[in-house]
Amino acid sequence: MKEIIPDFRLDMQGEPCPYPAVNALETMKELKKGEILEIISDCPQSINNIPADAKNHGYEVLEVDSSGPTIRYLIKK
C-alpha cells in the first residue's frame with residue numbers, strides 16, 4: 001500500500017479534548033477539495049471525536065493510527 005503524504009499537519013499534542021477535534025474541523029474548512037490533513041493528538045477521547053466529526057462534515061477518514069503514544073489521523077476533504 002502506498003504511503004499517504006498529507007498536505008497539512010496539525011500537531012495537537014498536549015491539548016485537551018475537545019480542542020483537537022474543534023481545531024481539526026476549523027482547519028479542514030481552509031483546505032481545498034482533495035487535500036489531506038494529518039492530525040496528531042495525545043488526547044484519548046479524540047479517537048472517538050475526530051473520526052465521527054470528520055464523517056459528519058462529509059470528510060473522508062483515510063487512516064487512524066493509535067499504535068504509538070500519540071494518535072495520528074489522516075482526513076481528506
# chains A, B, ... in the order shown; residues from 1 in each chain; ligands from 1

$ residues_around --residues "A:His57" --least-positions-apart "3" --cutoff "10 Å" --atoms "only C-alpha atoms" --output "list in words"
Leu25, Met28, Lys29, Ala52, Asp53, Ala54, Glu60 and Lys77 of chain A

$ write_last_selection --atoms "N, CA and C atoms" --output "PDB file, in the first residue's frame"
ATOM      1  N   LEU A  25     -11.588  20.510  12.608  1.00  0.00           N
ATOM      2  CA  LEU A  25     -12.701  20.939  11.750  1.00  0.00           C
ATOM      3  C   LEU A  25     -12.466  22.339  11.204  1.00  0.00           C
ATOM      4  N   MET A  28      -9.896  22.028   8.458  1.00  0.00           N
ATOM      5  CA  MET A  28     -10.446  21.367   7.260  1.00  0.00           C
ATOM      6  C   MET A  28     -11.186  22.358   6.367  1.00  0.00           C
ATOM      7  N   LYS A  29     -11.812  23.366   6.963  1.00  0.00           N
ATOM      8  CA  LYS A  29     -12.534  24.384   6.193  1.00  0.00           C
ATOM      9  C   LYS A  29     -11.601  25.121   5.237  1.00  0.00           C
ATOM     10  N   ALA A  52     -15.550  10.748  13.947  1.00  0.00           N
ATOM     11  CA  ALA A  52     -17.008  10.961  13.862  1.00  0.00           C
ATOM     12  C   ALA A  52     -17.327  12.359  13.340  1.00  0.00           C
ATOM     13  N   ASP A  53     -16.631  13.371  13.860  1.00  0.00           N
ATOM     14  CA  ASP A  53     -16.861  14.746  13.402  1.00  0.00           C
ATOM     15  C   ASP A  53     -16.506  14.896  11.928  1.00  0.00           C
ATOM     16  N   ALA A  54     -15.409  14.291  11.521  1.00  0.00           N
ATOM     17  CA  ALA A  54     -14.975  14.387  10.124  1.00  0.00           C
ATOM     18  C   ALA A  54     -16.042  13.786   9.199  1.00  0.00           C
ATOM     19  N   GLU A  60     -13.471  12.454   4.414  1.00  0.00           N
ATOM     20  CA  GLU A  60     -13.127  11.032   4.364  1.00  0.00           C
ATOM     21  C   GLU A  60     -11.980  10.743   5.328  1.00  0.00           C
ATOM     22  N   LYS A  77     -10.363  16.074   2.492  1.00  0.00           N
ATOM     23  CA  LYS A  77     -11.530  16.937   2.234  1.00  0.00           C
ATOM     24  C   LYS A  77     -12.170  16.521   0.941  1.00  0.00           C
TER      25      LYS A  77
END

$ closest_residue --among "A:Gly14, A:Tyr73, A:Asp7, A:Gly34" --to "A:Asn49" --atoms "only C-alpha atoms"
A:Tyr73

$ closest_residue --among "A:Asp42, A:Leu37, A:Pro16, A:Ala24" --to "A:Glu63" --atoms "only C-alpha atoms"
A:Leu37

$ closest_residue --among "A:Val22, A:Ile75, A:Ile4, A:Leu10" --to "A:Ile40" --atoms "only C-alpha atoms"
A:Leu10
